[in-house]
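Participant: Got query-v2.txt for you, compact mmCIF, C-alpha atoms and all ligand atoms:
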```
# COMPACT_ATOMS: atom_id res chain seq x y z
CA MET A 47 17.34 -9.55 11.21
CA MET A 48 18.64 -7.47 8.37
CA THR A 49 20.73 -4.50 9.30
CA ASN A 50 22.12 -1.61 7.33
CA THR A 51 25.50 -3.27 7.17
CA PRO A 52 26.18 -5.69 4.33
CA SER A 53 24.89 -9.14 5.13
CA VAL A 54 27.21 -12.12 5.04
CA SER A 55 25.03 -13.79 2.45
CA GLU A 56 25.57 -11.06 -0.10
CA THR A 57 27.28 -12.11 -3.26
CA PRO A 58 30.42 -10.09 -4.14
CA ALA A 59 28.57 -8.61 -7.11
CA CYS A 60 25.72 -7.62 -4.92
CA ALA A 61 28.05 -6.14 -2.30
CA ARG A 62 29.90 -4.16 -5.00
CA LYS A 63 26.68 -2.64 -6.19
CA ARG A 64 25.39 -2.07 -2.72
CA SER A 65 25.91 1.65 -2.56
CA HIS A 66 23.54 1.97 -5.48
CA LEU A 67 21.10 -0.44 -4.01
CA GLU A 68 20.52 1.00 -0.61
CA GLN A 69 17.33 2.64 -1.71
CA ALA A 70 14.82 1.67 -4.30
CA THR A 71 13.25 4.94 -5.20
CA VAL A 72 10.50 5.72 -7.59
CA SER A 73 9.35 9.24 -7.88
CA SER A 74 7.40 11.21 -10.35
CA THR A 75 10.24 13.65 -10.46
CA THR A 76 12.90 11.10 -11.33
CA GLU A 77 12.97 8.93 -14.37
CA ALA A 78 11.45 5.55 -13.69
CA PRO A 79 13.37 2.41 -14.61
CA ALA A 80 13.09 1.41 -18.23
CA ASN A 81 10.99 -1.57 -17.31
CA ALA A 82 8.70 0.39 -15.07
CA ARG A 83 5.21 -0.34 -16.10
CA MET A 84 1.78 0.39 -15.02
CA VAL A 85 -0.69 -2.19 -14.16
CA GLY A 86 -4.28 -1.29 -14.76
CA LYS A 87 -2.59 1.20 -16.89
CA ALA A 88 -1.29 -1.60 -18.71
CA ILE A 89 -2.76 0.60 -21.01
CA GLU A 90 -0.90 0.98 -24.13
CA SER A 91 -2.01 4.56 -24.39
CA GLY A 92 -0.75 4.86 -20.79
CA ALA A 93 -1.73 8.48 -21.02
CA ILE A 94 -2.01 9.30 -17.36
CA GLU A 95 1.18 7.76 -16.13
CA GLN A 96 3.26 8.69 -19.11
CA GLU A 97 2.25 12.25 -18.56
CA VAL A 98 3.20 12.12 -14.90
CA LEU A 99 6.34 10.07 -15.23
CA GLY A 100 7.45 11.46 -18.52
CA LEU A 101 8.21 7.99 -19.74
CA SER A 102 7.05 5.88 -22.58
CA TRP A 103 7.39 2.36 -21.33
CA HIS A 104 5.73 0.83 -24.30
CA LYS A 105 8.36 2.24 -26.61
CA ARG A 106 11.17 1.20 -24.32
CA ARG A 107 10.27 -2.38 -23.72
CA ALA A 108 7.99 -4.96 -25.20
CA PRO A 109 5.44 -6.10 -22.64
CA ARG A 110 6.34 -9.38 -20.93
CA VAL A 111 2.76 -10.28 -20.30
CA SER A 112 -0.27 -9.24 -22.23
CA ARG A 113 -2.25 -6.15 -21.34
CA LEU A 114 -5.22 -8.34 -20.60
CA GLY A 115 -3.09 -10.52 -18.34
CA GLU A 116 -1.89 -7.48 -16.41
CA LEU A 117 -5.39 -6.19 -16.05
CA VAL A 118 -6.67 -9.50 -14.77
CA GLY A 119 -3.65 -9.82 -12.48
CA SER A 120 -4.19 -6.42 -10.93
CA ILE A 121 -7.89 -7.07 -10.34
CA VAL A 122 -7.18 -10.44 -8.75
CA HIS A 123 -4.49 -8.93 -6.54
CA GLU A 124 -6.50 -5.96 -5.37
CA VAL A 125 -9.90 -7.52 -4.76
CA ASN A 126 -8.51 -10.51 -2.90
CA GLN A 127 -8.11 -8.59 0.35
CA PRO A 128 -11.62 -7.10 0.58
CA LEU A 129 -13.23 -10.36 -0.59
CA ALA A 130 -11.44 -12.27 2.16
CA ALA A 131 -12.64 -9.68 4.70
CA ILE A 132 -16.21 -9.92 3.37
CA GLN A 133 -16.22 -13.70 3.68
CA LEU A 134 -14.83 -13.63 7.21
CA ASN A 135 -17.27 -10.96 8.38
CA ALA A 136 -20.21 -12.78 6.78
CA GLN A 137 -19.29 -16.06 8.47
CA THR A 138 -18.88 -14.35 11.84
CA ALA A 139 -22.16 -12.45 11.44
CA LEU A 140 -23.96 -15.74 10.74
CA ARG A 141 -22.49 -17.22 13.90
CA TRP A 142 -23.77 -14.25 15.94
CA LEU A 143 -27.24 -14.66 14.39
CA ASP A 144 -27.33 -18.45 14.88
CA GLY A 145 -26.00 -18.23 18.43
CA ASP A 146 -28.04 -18.68 21.56
CA PRO A 147 -28.51 -15.98 22.66
CA GLN A 148 -28.56 -14.27 19.30
CA ASN A 149 -26.44 -11.11 19.07
CA VAL A 150 -28.07 -8.94 16.46
CA VAL A 151 -26.06 -5.83 17.39
CA ARG A 152 -22.72 -7.50 16.64
CA ALA A 153 -24.08 -9.11 13.50
CA ARG A 154 -25.28 -5.72 12.32
CA THR A 155 -21.84 -4.16 12.89
CA LEU A 156 -20.26 -6.88 10.77
CA ILE A 157 -22.88 -6.51 8.05
CA GLU A 158 -22.10 -2.78 7.92
CA ARG A 159 -18.45 -3.68 7.35
CA ILE A 160 -19.49 -6.08 4.60
CA VAL A 161 -21.37 -3.23 2.91
CA GLN A 162 -18.26 -0.99 3.18
CA ASP A 163 -15.88 -3.66 1.90
CA SER A 164 -18.09 -4.69 -0.99
CA GLY A 165 -18.38 -1.01 -1.95
CA ARG A 166 -14.60 -0.81 -1.86
CA THR A 167 -14.30 -3.89 -4.05
CA LEU A 168 -16.64 -2.36 -6.61
CA ASP A 169 -14.59 0.87 -6.43
CA ILE A 170 -11.36 -1.03 -7.08
CA VAL A 171 -12.78 -2.77 -10.14
CA ALA A 172 -14.29 0.49 -11.40
CA HIS A 173 -10.96 2.28 -11.03
CA ILE A 174 -8.98 -0.41 -12.76
CA ARG A 175 -11.50 -0.34 -15.61
CA ALA A 176 -11.33 3.45 -15.73
CA MET A 177 -7.53 3.38 -15.87
CA ALA A 178 -7.56 0.68 -18.52
CA SER A 179 -9.75 2.85 -20.69
CA GLY A 180 -7.53 5.87 -20.05
CA ARG A 181 -10.03 7.78 -17.89
CA ALA A 182 -8.55 9.69 -14.96
CA PRO A 183 -9.83 8.54 -11.54
CA GLN A 184 -12.03 10.92 -9.60
CA GLN A 185 -10.04 13.00 -7.10
CA THR A 186 -11.20 14.90 -4.03
CA ASN A 187 -9.55 16.83 -1.22
CA LEU A 188 -8.70 14.52 1.65
CA THR A 189 -5.99 13.85 4.22
CA LEU A 190 -3.69 10.87 4.22
CA ASP A 191 -4.39 10.51 7.94
CA GLU A 192 -8.07 9.73 7.36
CA ILE A 193 -7.11 7.20 4.68
CA ILE A 194 -4.73 5.55 7.15
CA ALA A 195 -7.48 5.43 9.81
CA GLU A 196 -9.83 3.68 7.35
CA ALA A 197 -7.12 1.25 6.31
CA MET A 198 -6.45 0.37 9.97
CA THR A 199 -10.13 -0.44 10.52
CA PHE A 200 -10.10 -2.55 7.38
CA LEU A 201 -6.96 -4.42 8.52
CA GLN A 202 -7.90 -4.71 12.18
CA HIS A 203 -8.64 -8.43 12.02
CA GLU A 204 -5.49 -9.24 10.03
CA LEU A 205 -3.31 -7.29 12.43
CA GLN A 206 -4.85 -8.98 15.46
CA SER A 207 -4.73 -12.50 14.06
CA ASN A 208 -1.04 -12.04 13.21
CA ASP A 209 -0.21 -10.66 16.69
CA VAL A 210 1.06 -7.42 15.24
CA ILE A 211 1.52 -4.37 17.45
CA MET A 212 0.56 -1.45 15.24
CA SER A 213 1.50 2.08 16.18
CA LEU A 214 0.31 5.22 14.47
CA ASP A 215 2.25 8.45 14.78
CA LEU A 216 0.34 10.93 12.68
CA THR A 217 1.08 14.58 12.12
CA SER A 218 -0.66 17.00 14.46
CA SER A 219 -1.56 19.25 11.52
CA PRO A 220 -2.59 17.03 8.62
CA SER A 221 -2.63 18.77 5.28
CA GLU A 222 -5.05 18.10 2.50
CA ILE A 223 -4.01 16.39 -0.67
CA ASN A 224 -5.92 15.97 -3.87
CA GLY A 225 -6.41 12.29 -4.38
CA ASN A 226 -8.55 9.28 -5.04
CA ARG A 227 -9.73 7.77 -1.77
CA SER A 228 -9.95 4.13 -2.90
CA GLN A 229 -6.61 4.16 -4.66
CA LEU A 230 -4.72 5.70 -1.75
CA HIS A 231 -6.46 3.22 0.55
CA GLN A 232 -5.12 0.45 -1.68
CA VAL A 233 -1.57 1.79 -1.34
CA ILE A 234 -1.65 1.92 2.46
CA VAL A 235 -3.29 -1.52 2.65
CA ASN A 236 -0.68 -2.97 0.26
CA LEU A 237 2.22 -1.62 2.31
CA VAL A 238 0.80 -2.76 5.65
CA VAL A 239 -0.16 -6.21 4.31
CA ASN A 240 3.37 -6.61 2.93
CA ALA A 241 4.75 -5.73 6.37
CA ILE A 242 2.40 -8.24 8.02
CA GLN A 243 3.54 -10.92 5.57
CA ALA A 244 7.21 -10.11 6.17
CA LEU A 245 6.64 -10.42 9.92
CA ALA A 246 4.73 -13.67 9.51
CA ASN A 247 7.83 -15.26 7.97
CA THR A 248 10.09 -14.52 10.94
CA ASP A 249 10.35 -15.57 14.56
CA THR A 250 10.86 -11.95 15.57
CA ILE A 251 8.81 -11.12 18.64
CA PRO A 252 7.21 -8.68 19.17
CA ARG A 253 5.95 -8.10 15.64
CA LYS A 254 5.76 -4.37 15.14
CA ILE A 255 4.56 -2.07 12.40
CA ALA A 256 4.66 1.72 12.62
CA VAL A 257 2.88 4.14 10.31
CA ARG A 258 3.94 7.77 10.53
CA THR A 259 2.92 10.92 8.69
CA SER A 260 4.54 14.34 8.57
CA ASN A 261 4.50 17.45 6.42
CA LEU A 262 7.66 18.31 4.51
CA ALA A 263 8.21 22.02 3.97
CA ASP A 264 4.47 22.71 3.50
CA GLU A 265 4.74 21.05 0.11
CA LEU A 266 4.60 17.33 0.65
CA VAL A 267 2.87 14.89 2.93
CA CYS A 268 5.24 12.11 3.87
CA CYS A 269 4.11 8.70 5.11
CA THR A 270 6.38 5.90 6.27
CA VAL A 271 5.38 2.30 6.86
CA GLU A 272 8.03 0.40 8.83
CA ASP A 273 8.24 -3.05 10.33
CA SER A 274 10.40 -5.15 12.61
CA GLY A 275 10.71 -7.94 10.03
CA PRO A 276 13.82 -9.23 8.25
CA GLY A 277 14.10 -6.26 5.89
CA ILE A 278 14.69 -6.40 2.16
CA ASP A 279 17.64 -8.19 0.62
CA PRO A 280 19.76 -5.34 -0.84
CA CYS A 281 19.97 -7.27 -4.11
CA HIS A 282 16.18 -7.14 -4.38
CA LEU A 283 15.82 -3.42 -3.72
CA PRO A 284 16.17 -2.27 -7.35
CA HIS A 285 13.53 -4.78 -8.47
CA LEU A 286 10.81 -4.29 -5.88
CA PHE A 287 8.66 -2.03 -8.01
CA GLU A 288 8.98 -4.10 -11.15
CA ASP A 289 6.12 -6.18 -12.47
CA VAL A 290 5.75 -9.70 -11.16
CA PHE A 291 8.73 -9.37 -8.83
CA THR A 292 8.06 -11.47 -5.77
CA THR A 293 10.01 -13.53 -3.25
CA ARG A 294 6.88 -15.06 -1.78
CA PRO A 295 5.75 -18.54 -2.82
CA THR A 296 2.15 -17.36 -3.21
CA GLY A 297 2.99 -13.77 -4.19
CA MET A 298 1.92 -12.13 -7.44
CA GLY A 299 4.48 -9.35 -7.37
CA MET A 300 1.90 -6.75 -8.27
CA GLY A 301 1.23 -4.89 -5.01
CA LEU A 302 4.22 -2.54 -5.13
CA LEU A 303 3.89 -2.02 -8.86
CA ILE A 304 0.25 -0.99 -8.44
CA SER A 305 1.14 1.19 -5.44
CA ARG A 306 3.91 2.89 -7.37
CA SER A 307 1.60 3.57 -10.27
CA ILE A 308 -1.11 5.03 -8.04
CA VAL A 309 1.35 7.27 -6.22
CA ALA A 310 2.81 8.39 -9.55
CA VAL A 311 -0.57 9.45 -10.92
CA HIS A 312 -1.01 11.48 -7.76
CA GLY A 313 2.23 13.31 -8.53
CA GLY A 314 4.11 11.63 -5.69
CA GLY A 315 6.92 9.19 -5.14
CA ILE A 316 7.55 5.95 -3.26
CA ARG A 317 10.76 4.30 -2.19
CA ALA A 318 11.99 1.40 -0.11
CA ASP A 319 14.98 0.94 2.17
CA ASN A 320 16.08 -0.89 5.29
CA TYR A 321 16.40 2.15 7.53
CA SER A 322 13.43 1.34 9.75
CA SER A 323 13.88 2.25 13.39
CA LEU A 324 12.13 -1.07 14.07
CA GLY A 325 14.94 -2.98 12.31
CA GLY A 326 13.13 -4.14 9.16
CA ALA A 327 11.92 -2.57 5.92
CA ARG A 328 10.78 1.00 5.52
CA PHE A 329 8.59 2.31 2.72
CA THR A 330 8.31 6.06 2.31
CA LEU A 331 5.69 7.73 0.18
CA THR A 332 5.32 11.42 -0.53
CA LEU A 333 2.34 13.23 -2.03
CA PRO A 334 1.95 16.89 -2.90
CA ILE A 335 -0.09 19.03 -0.50
CA THR A 336 -2.98 20.98 -1.99
CA ALA A 337 -2.24 24.71 -1.78
CA ASP A 338 -3.73 26.45 1.32
CA SER A 339 -5.00 23.18 2.63
CA ALA A 340 -3.80 22.85 6.22
CA CYS A 341 -6.78 21.73 8.30
CA THR A 342 -7.08 21.78 12.05
CA ASP A 343 -6.00 18.99 14.32
CA PHE A 344 -9.57 18.73 15.56
CA GLU A 345 -11.04 18.04 12.15
CA VAL A 346 -9.17 14.79 11.76
CA ARG A 347 -8.39 13.64 15.27
CA GLY A 348 -11.85 14.66 16.45
CA LYS A 349 -13.11 11.39 15.00
CA GLY A 350 -11.61 9.69 18.02
CA TRP A 351 -9.46 7.02 16.46
CA PRO A 352 -6.57 5.89 18.60
CA LYS A 353 -2.84 6.48 18.24
CA SER A 354 -2.29 2.77 18.31
CA VAL A 355 -4.61 -0.07 17.37
P1 LIG B 1 3.95 -9.76 -3.42
O1 LIG B 1 3.48 -9.31 -2.06
O2 LIG B 1 2.88 -10.46 -4.19
O3 LIG B 1 5.23 -10.52 -3.37
P2 LIG B 1 4.65 -6.98 -3.85
O4 LIG B 1 4.85 -6.21 -5.10
O5 LIG B 1 3.67 -6.43 -2.87
O6 LIG B 1 4.24 -8.45 -4.29
O7 LIG B 1 6.05 -7.14 -3.13
C1 LIG B 1 7.18 -7.53 -3.90
C2 LIG B 1 8.28 -8.06 -3.00
O8 LIG B 1 8.80 -6.98 -2.19
C3 LIG B 1 7.87 -9.12 -1.99
O9 LIG B 1 7.79 -10.39 -2.57
C4 LIG B 1 8.99 -9.00 -0.97
O10 LIG B 1 10.15 -9.68 -1.42
C5 LIG B 1 9.33 -7.52 -0.99
N1 LIG B 1 8.71 -6.79 0.15
C6 LIG B 1 7.66 -5.96 0.10
N2 LIG B 1 7.39 -5.47 1.31
C7 LIG B 1 8.31 -5.98 2.16
C8 LIG B 1 8.58 -5.84 3.57
N3 LIG B 1 7.84 -5.05 4.35
N4 LIG B 1 9.63 -6.53 4.08
C9 LIG B 1 10.40 -7.31 3.29
N5 LIG B 1 10.21 -7.47 1.96
C10 LIG B 1 9.17 -6.83 1.41
```
Show this structure as structure tokens.
Ligand code: ADP
Facilitator:
Amino acid sequence: MMTNTPSVSETPACARKRSHLEQATVSSTTEAPANARMVGKAIESGAIEQEVLGLSWHKRRAPRVSRLGELVGSIVHEVNQPLAAIQLNAQTALRWLDGDPQNVVRARTLIERIVQDSGRTLDIVAHIRAMASGRAPQQTNLTLDEIIAEAMTFLQHELQSNDVIMSLDLTSSPSEINGNRSQLHQVIVNLVVNAIQALANTDTIPRKIAVRTSNLADELVCCTVEDSGPGIDPCHLPHLFEDVFTTRPTGMGMGLLISRSIVAVHGGGIRADNYSSLGGARFTLTLPITADSACTDFEVRGKGWPKSV
């Protein structure tokens, strides 16, 4: 288990740099690393992100992979999750329909999820296309808490099949943010799936993930996703949000890059560290609250979703 003290496996060079490496932070208010790049916004014009980040990545660094390659990579990465869910739900629905006795009610529930997930897949592709052509994604007023609730429903099967204990600790007064529902859903799903994958590679029992939200000074919504996994090698922290950075044999190294880009276009920031109270990695994202947006506890919690799933 990784702790906040230097690990014995650190190289001297890594240990020397450690004070600078304790947090990998990307924020719209700080200058992004020179090689920070946007995926779907692999977009040479890069208008949206450049405006938000105040950076001109194309001028700073020649692209390592082609724009088309990035675009394809981001689509493959993002639609993989909902397609896998669609296939699983379709197979299970068929079993309920073929069973004796037939269970049409359960099959129907699964088919409803298939409709939702296929809609989400179409949304993802539409947004990546929109970003690639420089069009700004549609934004509405929403709360991060409702996005998290939707993401938990979407990931329910994955959490259960990986024996993960998920706890939600959401603010009692969620504030509205102006954002794109599908994109923010992608960010939460990416972070939780990464945590599940980190836990899957350890013997740590129990496997825990905690998602928390809070309001910071009536200006920002803060969300942390923490896990009880091995944490992040301090030498990797500065590279996490770079393109194609992965330590996983089957990884594409695009999830955090895409997440960072989405958060940036929303005027927020995302960072990673090993300060999780669960002992593993912690990802913190902040998004600006829409002015005069505080909504009542009842509006969000009234939907009856649980504190832990
Ligand atoms: P991929 O999942 O395809 O590797 P990501 O961009 O999502 O791509 O993640 C990049 C890398 O960040 C991972 O390969 C892993 O090394 C590290 N990482 C991300 N989340 C976690 C986590 N919760 N715990 C430990 N390492 C993580």
Participant: Would you mind telling me which residue in A:Val171, A:Ala136, A:Ala263, A:Ser228 lies nearest to A:Leu156 when using all atoms listed in the file?
Facilitator: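 For A:Leu156, the nearest of the candidates is A:Ala136.
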Participant: Which residues of stretch 228-251 of chain A sit at most 9 Å from stretch 204-215 of chain A, using only C-alpha atoms? Give each one's shortest atom pair and distance in Å (one decimal place), in chain and ascending residue order, as a tab-separated table.
Facilitator:
```
residue	atom	partner	partner_atom	distance
A:Val239	CA	A:Glu204	CA	8.4
A:Ile242	CA	A:Leu205	CA	7.3
A:Gln243	CA	A:Asn208	CA	9.0
A:Leu245	CA	A:Val210	CA	8.3
A:Ala246	CA	A:Asn208	CA	7.0
```
Participant: Need to verify the contact set: stretch 269-280 of chain A, 8 Å, all atoms listed in the file, exclusion of same-chain residues closer than 6 positions in sequence. Can you return it as JSON, numbers by chain?
Facilitator: {"A": [47, 48, 49, 60, 64, 67, 68, 237, 238, 241, 244, 245, 248, 250, 253, 254, 255, 256, 257, 258, 259, 260, 319, 320, 322, 323, 324, 325, 326, 327, 328, 329, 330, 331, 332]}
Participant: Check every protein, DNA and RNA residue against ligand LIG 1 (chain B), keep those with an atom at most 6 Å away (counting all atoms listed in the file), and present them as a ChimeraX atom specification.
Facilitator: /A:240-241,244,277-278,286,291-294,297-303,327
Participant: For atom CA of A:Glu222 and atom CA of A:Gly165, determine how far apart the two atoms are, in Å to one decimal place.
Facilitator: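 A separation of 23.7 Å between them.
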Participant: Using atom CA of A:Ile308 and atom CA of A:Ala131 as the two end points, give the distance in Å to one decimal.
Facilitator: 22.6 Å
Participant: Out of A:Asp249, A:Asp264, A:Asp146, A:Glu196, which residue has the shortest atom-to-atom distance to A:Ile234 when counting all atoms listed in the file?
Facilitator: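 Ranked by minimum distance to A:Ile234, first place goes to A:Glu196.
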Participant: Between atom CA of A:Phe200 and atom CA of A:Ile174, what is the spacing in Å?
Facilitator: 20.3 Å
Participant: Leaving out A:Gln232 and any residue of its chain fewer than 2 positions from it, which residues lie within 10 Å of it when counting only C-alpha atoms, given as an MDAnalysis selection string?
Facilitator: chainID A and resid 124:125 127 166 170 193 197 227:230 234:238 301 304:305 308
Participant: Could the residues in this selection be saved with C-alpha atoms as a short mmCIF file (atom, residue, chain, number, x, y, z; two decimals), in the frame of the given file?
Facilitator:
```
data_model
loop_
_atom_site.label_atom_id
_atom_site.label_comp_id
_atom_site.auth_asym_id
_atom_site.auth_seq_id
_atom_site.Cartn_x
_atom_site.Cartn_y
_atom_site.Cartn_z
CA GLU A 124 -6.50 -5.96 -5.37
CA VAL A 125 -9.90 -7.52 -4.76
CA GLN A 127 -8.11 -8.59 0.35
CA ARG A 166 -14.60 -0.81 -1.86
CA ILE A 170 -11.36 -1.03 -7.08
CA ILE A 193 -7.11 7.20 4.68
CA ALA A 197 -7.12 1.25 6.31
CA ARG A 227 -9.73 7.77 -1.77
CA SER A 228 -9.95 4.13 -2.90
CA GLN A 229 -6.61 4.16 -4.66
CA LEU A 230 -4.72 5.70 -1.75
CA ILE A 234 -1.65 1.92 2.46
CA VAL A 235 -3.29 -1.52 2.65
CA ASN A 236 -0.68 -2.97 0.26
CA LEU A 237 2.22 -1.62 2.31
CA VAL A 238 0.80 -2.76 5.65
CA GLY A 301 1.23 -4.89 -5.01
CA ILE A 304 0.25 -0.99 -8.44
CA SER A 305 1.14 1.19 -5.44
CA ILE A 308 -1.11 5.03 -8.04
#
```
